[in-house]
file query_25.cif (mmCIF, C-alpha atoms and all ligand atoms)
data_work
#
loop_
_atom_site.label_atom_id
_atom_site.label_comp_id
_atom_site.auth_asym_id
_atom_site.auth_seq_id
_atom_site.Cartn_x
_atom_site.Cartn_y
_atom_site.Cartn_z
CA MET A 1382 25.30 3.90 -52.23
CA LYS A 1383 26.25 0.69 -50.43
CA ARG A 1384 27.24 2.72 -47.42
CA ARG A 1385 23.85 4.44 -47.33
CA ILE A 1386 22.05 1.10 -47.55
CA LEU A 1387 24.23 -0.24 -44.73
CA ALA A 1388 23.56 2.86 -42.63
CA PHE A 1389 19.83 2.45 -43.27
CA ILE A 1390 19.95 -1.22 -42.20
CA PHE A 1391 21.80 -0.28 -39.00
CA TYR A 1392 19.27 2.47 -38.36
CA ILE A 1393 16.36 0.03 -38.72
CA LEU A 1394 18.13 -2.52 -36.48
CA GLY A 1395 18.66 0.23 -33.92
CA VAL A 1396 14.97 1.15 -33.98
CA ILE A 1397 13.98 -2.51 -33.57
CA ALA A 1398 16.41 -2.90 -30.63
CA VAL A 1399 14.98 0.18 -28.89
CA CYS A 1400 11.42 -1.14 -29.45
CA ILE A 1401 12.33 -4.54 -27.99
CA ILE A 1402 14.05 -3.00 -24.93
CA ALA A 1403 11.12 -0.62 -24.35
CA THR A 1404 8.57 -3.44 -24.69
CA VAL A 1405 10.45 -5.76 -22.35
CA SER A 1406 10.85 -3.04 -19.74
CA PHE A 1407 7.16 -2.01 -20.06
CA ILE A 1408 5.95 -5.59 -19.69
CA SER A 1409 8.34 -6.25 -16.78
CA MET A 1410 6.75 -3.34 -14.90
CA LYS A 1411 3.47 -5.23 -15.08
CA ILE A 1412 4.88 -8.40 -13.54
CA ASN A 1413 4.12 -8.66 -9.87
CA PRO A 1414 7.36 -9.68 -8.13
CA VAL A 1415 7.02 -12.86 -6.09
CA LEU A 1416 8.27 -12.31 -2.56
CA ASN A 1417 9.30 -14.85 0.03
CA GLY A 1418 9.47 -15.04 3.76
CA PRO A 1419 10.20 -17.85 6.24
CA GLY A 1420 6.61 -17.84 7.53
CA VAL A 1421 4.74 -17.82 4.20
CA THR A 1422 2.80 -21.08 3.91
CA GLU A 1423 1.19 -20.36 0.53
CA THR A 1424 1.27 -17.73 -2.20
CA VAL A 1425 -1.98 -17.53 -4.11
CA LYS A 1426 -3.59 -15.16 -6.57
CA LEU A 1427 -6.44 -12.89 -5.50
CA SER A 1428 -8.44 -14.30 -8.45
CA ASN A 1429 -8.81 -17.45 -6.31
CA TRP A 1430 -11.67 -15.57 -4.65
CA PHE A 1431 -13.07 -13.91 -7.81
CA GLU A 1432 -12.37 -15.35 -11.27
CA GLY A 1433 -13.37 -12.07 -12.93
CA ILE A 1434 -9.87 -10.61 -12.49
CA LYS A 1435 -7.99 -13.74 -13.60
CA ASN A 1436 -5.31 -13.16 -16.27
CA THR A 1437 -5.60 -9.40 -15.90
CA ASN A 1438 -3.19 -6.88 -14.39
CA MET A 1439 -5.68 -6.35 -11.54
CA ASP A 1440 -4.81 -9.80 -10.16
CA THR A 1441 -2.24 -9.75 -7.38
CA ASN A 1442 -0.34 -12.04 -5.02
CA VAL A 1443 -1.84 -12.92 -1.66
CA TYR A 1444 0.68 -14.24 0.89
CA VAL A 1445 -0.90 -16.63 3.35
CA PHE A 1446 0.49 -17.46 6.80
CA ASP A 1447 -1.57 -20.38 8.07
CA SER A 1448 -0.42 -21.52 11.51
CA GLY A 1449 -2.63 -24.59 11.33
CA VAL A 1450 -3.82 -23.68 14.85
CA GLU A 1451 -7.39 -22.44 15.05
CA GLY A 1452 -7.67 -18.75 15.87
CA GLY A 1453 -8.49 -15.36 14.40
CA SER A 1454 -7.51 -13.96 11.03
CA ILE A 1455 -6.26 -10.66 9.68
CA LEU A 1456 -5.84 -9.20 6.18
CA ILE A 1457 -3.10 -6.57 5.78
CA LEU A 1458 -3.24 -4.40 2.66
CA GLY A 1459 -0.34 -2.34 1.29
CA GLY A 1460 -0.35 -0.52 -2.03
CA THR A 1461 -4.00 0.48 -2.23
CA HIS A 1462 -2.33 3.68 -3.44
CA ALA A 1463 0.94 2.68 -5.09
CA ASN A 1464 2.43 6.18 -4.64
CA GLU A 1465 2.35 5.67 -0.86
CA PRO A 1466 5.41 3.45 -0.48
CA ALA A 1467 5.47 3.02 3.32
CA GLY A 1468 2.31 0.90 3.14
CA ILE A 1469 3.84 -1.40 0.53
CA LEU A 1470 7.19 -1.59 2.33
CA SER A 1471 5.50 -2.32 5.68
CA ALA A 1472 3.63 -5.22 4.06
CA ILE A 1473 6.87 -6.54 2.53
CA VAL A 1474 8.83 -6.21 5.81
CA MET A 1475 6.08 -8.10 7.62
CA LEU A 1476 5.83 -10.88 5.07
CA GLU A 1477 9.62 -11.34 4.98
CA ASN A 1478 9.93 -11.64 8.78
CA ILE A 1479 6.87 -12.86 10.62
CA LYS A 1480 5.88 -16.36 11.66
CA VAL A 1481 2.32 -17.07 12.70
CA GLU A 1482 1.83 -19.40 15.67
CA THR A 1483 -1.96 -19.19 16.05
CA GLY A 1484 -4.59 -18.08 13.54
CA LYS A 1485 -4.13 -16.96 9.97
CA VAL A 1486 -2.61 -13.88 8.33
CA PHE A 1487 -3.14 -12.71 4.74
CA ILE A 1488 -0.81 -10.02 3.34
CA ILE A 1489 -1.33 -8.27 -0.01
CA PRO A 1490 1.59 -5.87 -0.56
CA TYR A 1491 0.40 -4.61 -3.97
CA ALA A 1492 -3.35 -4.28 -3.47
CA ASN A 1493 -3.70 -2.31 -6.71
CA ASN A 1494 -1.17 -4.21 -8.79
CA SER A 1495 -2.04 -2.12 -11.85
CA ALA A 1496 -1.23 1.15 -10.02
CA ILE A 1497 2.36 0.01 -9.31
CA SER A 1498 2.95 -0.56 -13.05
CA HIS A 1499 3.04 3.18 -13.86
CA ASN A 1500 3.73 6.42 -12.04
CA ASP A 1501 2.55 10.01 -12.06
CA ALA A 1502 5.02 11.61 -14.45
CA MET A 1503 3.15 14.95 -14.24
CA GLU A 1504 3.88 14.97 -10.49
CA GLY A 1505 7.60 14.59 -11.21
CA ALA A 1506 7.53 11.37 -9.17
CA PRO A 1507 10.47 8.94 -9.34
CA GLU A 1508 9.97 5.48 -10.85
CA PHE A 1509 12.04 3.68 -8.21
CA TYR A 1510 13.57 4.12 -4.79
CA HIS A 1511 15.99 1.85 -2.99
CA ILE A 1512 16.83 0.75 0.53
CA ASP A 1513 20.40 -0.11 1.57
CA LEU A 1514 20.94 -3.56 3.06
CA PRO A 1515 23.60 -4.35 5.71
CA ASP A 1516 25.80 -6.27 3.23
CA GLY A 1517 26.16 -3.18 1.02
CA SER A 1518 23.65 -4.32 -1.60
CA THR A 1519 20.33 -2.57 -2.18
CA ARG A 1520 16.70 -3.52 -2.68
CA ASP A 1521 14.95 -1.56 -5.39
CA PHE A 1522 11.25 -0.84 -5.19
CA ARG A 1523 8.90 0.68 -7.72
CA PHE A 1524 7.10 3.92 -6.92
CA GLY A 1525 3.67 3.84 -8.52
CA SER A 1526 0.51 5.87 -8.87
CA ARG A 1527 -2.62 6.55 -6.83
CA ARG A 1528 -4.70 5.17 -9.66
CA THR A 1529 -5.08 2.16 -11.93
CA ASN A 1530 -2.93 2.22 -15.08
CA PRO A 1531 -4.93 3.59 -18.08
CA THR A 1532 -3.65 0.61 -20.09
CA ASP A 1533 -5.80 -1.54 -17.77
CA GLN A 1534 -8.80 0.77 -17.42
CA TRP A 1535 -9.67 3.47 -19.92
CA PRO A 1536 -11.55 5.71 -20.43
CA ASP A 1537 -12.96 6.67 -17.05
CA PRO A 1538 -16.41 8.35 -17.02
CA THR A 1539 -16.84 12.09 -16.45
CA LEU A 1540 -18.65 11.34 -13.20
CA TYR A 1541 -18.44 8.17 -11.13
CA ASN A 1542 -21.87 7.16 -9.89
CA HIS A 1543 -20.95 4.99 -6.93
CA GLN A 1544 -23.44 2.22 -6.13
CA SER A 1545 -24.20 3.93 -2.78
CA GLY A 1546 -25.80 6.81 -4.69
CA SER A 1547 -22.82 9.15 -4.11
CA THR A 1548 -21.43 10.94 -7.15
CA LEU A 1549 -17.65 11.22 -7.34
CA GLY A 1550 -15.23 12.68 -9.88
CA GLY A 1551 -14.84 10.30 -12.84
CA GLY A 1552 -11.17 9.52 -12.10
CA GLU A 1553 -12.13 8.04 -8.74
CA VAL A 1554 -13.32 4.90 -10.52
CA SER A 1555 -9.57 4.21 -10.96
CA ASN A 1556 -8.95 4.72 -7.23
CA LEU A 1557 -9.27 1.41 -5.37
CA ASN A 1558 -10.16 3.26 -2.19
CA ARG A 1559 -13.32 4.71 -3.74
CA CYS A 1560 -14.50 1.48 -5.38
CA TYR A 1561 -15.52 -0.62 -2.35
CA PRO A 1562 -17.50 -2.79 -1.85
CA GLY A 1563 -16.83 -3.45 -5.51
CA ASP A 1564 -18.87 -4.68 -8.44
CA PRO A 1565 -18.33 -8.03 -10.23
CA ASP A 1566 -19.60 -6.47 -13.48
CA GLY A 1567 -18.06 -3.01 -13.07
CA TYR A 1568 -14.83 -1.28 -14.07
CA PRO A 1569 -11.61 -3.30 -13.50
CA THR A 1570 -10.88 -1.38 -10.26
CA GLU A 1571 -14.41 -2.15 -9.01
CA LYS A 1572 -13.82 -5.82 -9.84
CA LEU A 1573 -10.58 -5.67 -7.84
CA ALA A 1574 -12.41 -4.19 -4.83
CA TYR A 1575 -15.03 -6.93 -5.20
CA ALA A 1576 -12.31 -9.63 -5.22
CA ILE A 1577 -10.81 -8.28 -1.97
CA VAL A 1578 -14.25 -8.26 -0.33
CA GLN A 1579 -14.83 -11.87 -1.51
CA LEU A 1580 -11.56 -12.94 0.14
CA ILE A 1581 -12.67 -11.27 3.40
CA LYS A 1582 -16.13 -12.90 3.30
CA ASN A 1583 -15.03 -16.39 2.24
CA GLU A 1584 -12.09 -16.57 4.64
CA LYS A 1585 -14.17 -15.03 7.45
CA VAL A 1586 -11.44 -12.45 8.08
CA ASP A 1587 -11.76 -10.80 11.51
CA ILE A 1588 -9.59 -7.70 11.03
CA VAL A 1589 -8.68 -5.71 7.89
CA ILE A 1590 -5.93 -3.10 7.96
CA ASP A 1591 -5.42 -0.83 4.92
CA MET A 1592 -2.11 1.11 5.00
CA HIS A 1593 -1.71 4.58 3.49
CA GLU A 1594 0.37 7.77 3.60
CA SER A 1595 -0.85 11.35 3.44
CA SER A 1596 0.56 14.85 3.17
CA PRO A 1597 1.69 16.53 6.41
CA GLU A 1598 -0.66 19.51 5.78
CA TYR A 1599 -3.68 17.16 5.67
CA PRO A 1600 -5.45 16.87 9.06
CA VAL A 1601 -5.93 13.08 8.81
CA ASN A 1602 -2.38 11.84 9.14
CA ASP A 1603 -0.46 9.89 11.74
CA ALA A 1604 -3.92 8.47 12.33
CA ILE A 1605 -6.03 5.36 12.71
CA VAL A 1606 -9.31 5.75 10.80
CA PHE A 1607 -11.71 3.13 12.11
CA HIS A 1608 -15.13 1.77 11.26
CA GLN A 1609 -17.40 2.14 14.30
CA ASN A 1610 -17.30 -1.65 14.82
CA ALA A 1611 -13.54 -1.40 15.34
CA ALA A 1612 -13.63 1.48 17.84
CA GLU A 1613 -12.45 -0.57 20.80
CA LEU A 1614 -9.52 -1.98 18.83
CA ALA A 1615 -8.47 1.49 17.68
CA ILE A 1616 -8.75 3.10 21.12
CA THR A 1617 -6.81 0.32 22.87
CA ALA A 1618 -4.09 0.40 20.20
CA GLN A 1619 -3.83 4.18 20.57
CA MET A 1620 -3.36 3.86 24.34
CA MET A 1621 -0.59 1.30 23.83
CA LEU A 1622 1.14 3.52 21.25
CA GLU A 1623 0.97 6.53 23.55
CA MET A 1624 2.58 4.52 26.35
CA ASP A 1625 5.53 4.20 23.94
CA ASN A 1626 5.39 7.96 23.24
CA ILE A 1627 4.09 7.38 19.72
CA GLN A 1628 1.37 9.98 19.08
CA ILE A 1629 -1.47 8.88 16.82
CA ARG A 1630 -4.90 10.41 16.09
CA LEU A 1631 -8.17 8.54 16.07
CA GLU A 1632 -10.71 9.32 13.36
CA GLU A 1633 -14.04 7.56 13.16
CA SER A 1634 -15.01 6.67 9.60
CA PRO A 1635 -17.70 9.16 8.46
CA VAL A 1636 -20.93 7.38 7.53
CA ASN A 1637 -21.39 9.37 4.32
CA LEU A 1638 -17.87 8.99 2.95
CA ARG A 1639 -18.63 6.23 0.48
CA GLY A 1640 -16.45 3.82 -1.44
CA LEU A 1641 -13.64 3.75 1.14
CA SER A 1642 -12.31 0.56 2.70
CA HIS A 1643 -13.02 1.50 6.33
CA ARG A 1644 -16.65 2.36 5.51
CA GLU A 1645 -17.72 -0.16 2.88
CA ILE A 1646 -15.82 -3.29 3.98
CA GLY A 1647 -16.94 -2.61 7.56
CA ASP A 1648 -20.56 -2.24 6.43
CA SER A 1649 -20.64 -5.22 4.05
CA THR A 1650 -18.65 -7.85 5.97
CA ASP A 1651 -18.18 -9.02 9.57
CA ALA A 1652 -14.59 -7.74 9.63
CA MET A 1653 -13.34 -4.91 11.84
CA VAL A 1654 -11.72 -2.45 9.44
CA LEU A 1655 -9.05 0.14 10.16
CA LEU A 1656 -7.11 2.40 7.82
CA LEU A 1657 -3.69 3.71 8.85
CA GLU A 1658 -2.23 7.04 7.72
CA VAL A 1659 1.29 8.29 8.23
CA ALA A 1660 2.65 11.69 7.16
CA ASN A 1661 4.81 11.78 4.03
CA PRO A 1662 5.99 15.02 2.37
CA SER A 1663 6.32 13.33 -1.04
CA GLN A 1664 2.50 13.13 -1.00
CA GLY A 1665 2.04 16.83 -0.29
CA ARG A 1666 1.44 19.95 -2.35
CA LEU A 1667 4.06 22.07 -0.57
CA ARG A 1668 6.96 19.86 -1.60
CA GLY A 1669 9.88 20.87 -3.77
CA LYS A 1670 11.83 18.46 -5.95
CA THR A 1671 10.18 15.04 -5.87
CA ASP A 1672 12.92 12.47 -6.11
CA GLU A 1673 14.03 9.22 -4.54
CA ASP A 1674 15.74 11.13 -1.70
CA LEU A 1675 12.48 12.81 -0.73
CA VAL A 1676 10.65 9.48 -0.79
CA VAL A 1677 13.26 7.81 1.45
CA THR A 1678 14.25 10.64 3.83
CA GLY A 1679 10.98 12.58 3.85
CA LEU A 1680 13.12 15.71 4.18
CA ASP A 1681 11.95 18.81 2.33
CA LYS A 1682 12.99 22.39 3.15
CA PHE A 1683 9.55 23.78 2.31
CA TYR A 1684 7.97 21.44 4.85
CA VAL A 1685 10.56 22.47 7.44
CA GLN A 1686 9.46 26.07 6.83
CA ALA A 1687 5.75 25.15 6.97
CA ALA A 1688 6.35 23.32 10.27
CA LYS A 1689 8.02 26.43 11.73
CA GLU A 1690 4.94 28.42 10.73
CA GLY A 1691 2.68 25.88 12.48
CA LYS A 1692 0.92 24.84 9.28
CA LEU A 1693 1.36 21.05 9.54
CA TYR A 1694 -0.56 18.30 11.27
CA ALA A 1695 2.52 16.15 11.92
CA PRO A 1696 5.58 16.72 14.12
CA TYR A 1697 8.14 17.76 11.52
CA ASP A 1698 11.64 19.24 11.60
CA GLU A 1699 15.07 19.06 9.94
CA ASN A 1700 15.14 15.29 10.54
CA GLY A 1701 12.44 14.83 7.89
CA TYR A 1702 10.03 11.89 8.07
CA PRO A 1703 12.07 8.91 6.83
CA ILE A 1704 10.49 5.83 5.33
CA SER A 1705 12.00 3.75 8.17
CA LEU A 1706 9.99 5.81 10.69
CA ARG A 1707 6.85 5.63 8.53
CA VAL A 1708 7.15 1.82 8.28
CA ALA A 1709 7.94 1.54 12.01
CA ARG A 1710 4.75 3.47 12.81
CA HIS A 1711 2.60 1.25 10.54
CA ILE A 1712 4.03 -2.06 11.77
CA THR A 1713 3.92 -1.10 15.47
CA THR A 1714 0.32 0.07 15.06
CA ILE A 1715 -0.59 -3.27 13.45
CA ASP A 1716 1.20 -5.12 16.26
CA TYR A 1717 -0.80 -3.21 18.89
CA ILE A 1718 -4.10 -3.65 17.03
CA ILE A 1719 -3.49 -7.42 17.05
CA GLN A 1720 -2.55 -7.33 20.76
CA SER A 1721 -5.77 -5.38 21.43
CA TRP A 1722 -7.74 -8.00 19.50
CA ASN A 1723 -6.15 -10.78 21.54
CA MET A 1724 -7.26 -9.05 24.75
CA MET A 1725 -10.91 -9.00 23.66
CA SER A 1726 -11.34 -12.17 21.60
CA GLU A 1727 -10.89 -15.86 22.16
CA LYS A 1728 -9.89 -16.22 18.52
CA GLN A 1729 -6.23 -15.49 19.09
CA ILE A 1730 -3.78 -14.25 16.46
CA LEU A 1731 -0.25 -14.92 17.69
CA ILE A 1732 2.64 -13.70 15.57
CA ASP A 1733 6.39 -14.07 16.21
CA ASP A 1734 9.21 -11.90 14.92
CA ILE A 1735 7.38 -8.66 14.21
CA PRO A 1736 10.29 -6.18 13.91
CA SER A 1737 10.32 -3.63 16.73
CA TYR A 1738 9.81 0.11 16.34
CA GLU A 1739 13.38 0.97 17.42
CA ASN A 1740 15.03 -1.68 15.25
CA LEU A 1741 13.08 -0.60 12.17
CA ILE A 1742 14.05 3.04 12.67
CA ASN A 1743 17.70 2.12 13.26
CA ASP A 1744 18.14 -0.24 10.30
CA ILE A 1745 15.14 -1.12 8.18
CA GLY A 1746 17.46 -2.73 5.60
CA SER A 1747 18.30 -5.54 8.03
CA PHE A 1748 14.64 -6.68 7.79
CA LEU A 1749 14.71 -7.07 4.02
CA ILE A 1750 15.81 -10.25 2.29
CA GLU A 1751 18.49 -9.90 -0.38
CA HIS A 1752 16.49 -9.90 -3.54
CA GLU A 1753 16.76 -8.75 -7.11
CA GLY A 1754 14.36 -6.01 -8.11
ZN ZN A 1801 -3.79 6.51 0.30
#
call {"tool": "encode", "arguments": {"input": "query_25.cif", "output": "structure tokens"}}
result
Amino acid sequence: MKRRILAFIFYILGVIAVCIIATVSFISMKINPVLNGPGVTETVKLSNWFEGIKNTNMDTNVYVFDSGVEGGSILILGGTHANEPAGILSAIVMLENIKVETGKVFIIPYANNSAISHNDAMEGAPEFYHIDLPDGSTRDFRFGSRRTNPTDQWPDPTLYNHQSGSTLGGGEVSNLNRCYPGDPDGYPTEKLAYAIVQLIKNEKVDIVIDMHESSPEYPVNDAIVFHQNAAELAITAQMMLEMDNIQIRLEESPVNLRGLSHREIGDSTDAMVLLLEVANPSQGRLRGKTDEDLVVTGLDKFYVQAAKEGKLYAPYDENGYPISLRVARHITTIDYIIQSWNMMSEKQILIDDIPSYENLINDIGSFLIEHEG
């Protein structure tokens, strides 16, 4: 009898231990990691610009690089879609390396901080991936979802009636890149979009760049999508990229495609807005096993086959499309957009120590600070 009571007590203790471990790990996924770089002058919360997201999981860290020298300003967004890791990693690599000499830079690596706190289990997506550092250690990064975590926003409506008058599928109200220009009284994701727009308006941001990834079979990849006000920036940056033999498409933002950053932020603020896409097989429907390897190497035999059959919109072969290449493309495109801006504006934005395309491809790990988690 005593033995059974003892076994029961141990069983209950075991259940409690599992509950505590699960709770701690669940809550830790919701904590936005604080990052550091030598050029960061201030780390502030996005709720600084809109109190309505304060103390919620929609709030996120904004890394500010204020040179103290008057000039232009740029906002760089990663993680609008948290299942598109090259955008997040590009933002992190930039914030851990750059120094700003003139003007002001704002970097938000986890634009939808809620979307990084869960992943798409039904897509078989991994929870984490890691990058090797030169000293043999690794940096681990979460792989999230396209949409806001249902624990932060639920239920979504059957149809999403966007304020522009467009009707979208109900789930799109959890997609940050359908919620612009945002609504201070709307769904949490609409409040998040509103907060980002408030930052842009109040800080008089000149350029906004929103980084994404897309499937290689989708026509808009390896592309700069630009609001018509940013056409000159996009065209000049494309010419500079092509001089380096980096092919990139230009896509003008369609006027009727509502809710997206390049349309709505461009229409509702003075900023020039550009969205960057780079091809990534882990985003695509043709992919096989979706694991950390696929996320990091971008190598998938079904995509190799599709490329041979001429079905893809990205140059693709047995070398895959590694995350180092995807990040190199994003960061070099941003570099050239800023150089283009400096050619046409007196409000200069001068940045030192942007990692080069070749160095990123050769060893992206050497641009990451040793860091836990
Ligand atoms: Zn995206």
call {"tool": "residues_near_ligand", "arguments": {"input": "query_25.cif", "ligand": "ligand ZN 1801 (chain A)", "cutoff": "6 Å", "atoms": "all atoms listed in the file", "output": "JSON, numbers by chain"}}
result
{"A": [1462, 1593, 1594]}
call {"tool": "residues_near_point", "arguments": {"input": "query_25.cif", "point": "(-11.4, -6.6, -7.8)", "cutoff": "8 Å", "atoms": "only C-alpha atoms", "output": "ChimeraX atom specification"}}
result
/A:1431,1433-1434,1439-1440,1563-1565,1569-1577
call {"tool": "residues_around", "arguments": {"input": "query_25.cif", "residues": "segment 1451-1460 of chain A", "least_positions_apart": "2", "cutoff": "8 Å", "atoms": "all atoms listed in the file", "output": "VMD selection string"}}
result
chain A and resid 1448 to 1449 1462 to 1466 1468 to 1472 1483 to 1494 1497 1581 1585 to 1593 1727 to 1730
call {"tool": "atom_distance", "arguments": {"input": "query_25.cif", "atom1": "atom CA of Tyr1444 of chain A", "atom2": "atom CA of Phe1522 of chain A"}}
result
18.1 Å
call {"tool": "closest_residue", "arguments": {"input": "query_25.cif", "among": "A:Tyr1697, A:Tyr1568, A:Phe1683, A:Phe1391", "to": "Val1554 of chain A", "atoms": "all atoms listed in the file"}}
result
A:Tyr1568
call {"tool": "atom_distance", "arguments": {"input": "query_25.cif", "atom1": "atom CA of Cys1560 of chain A", "atom2": "atom CA of Leu1641 of chain A"}}
result
7.0 Å
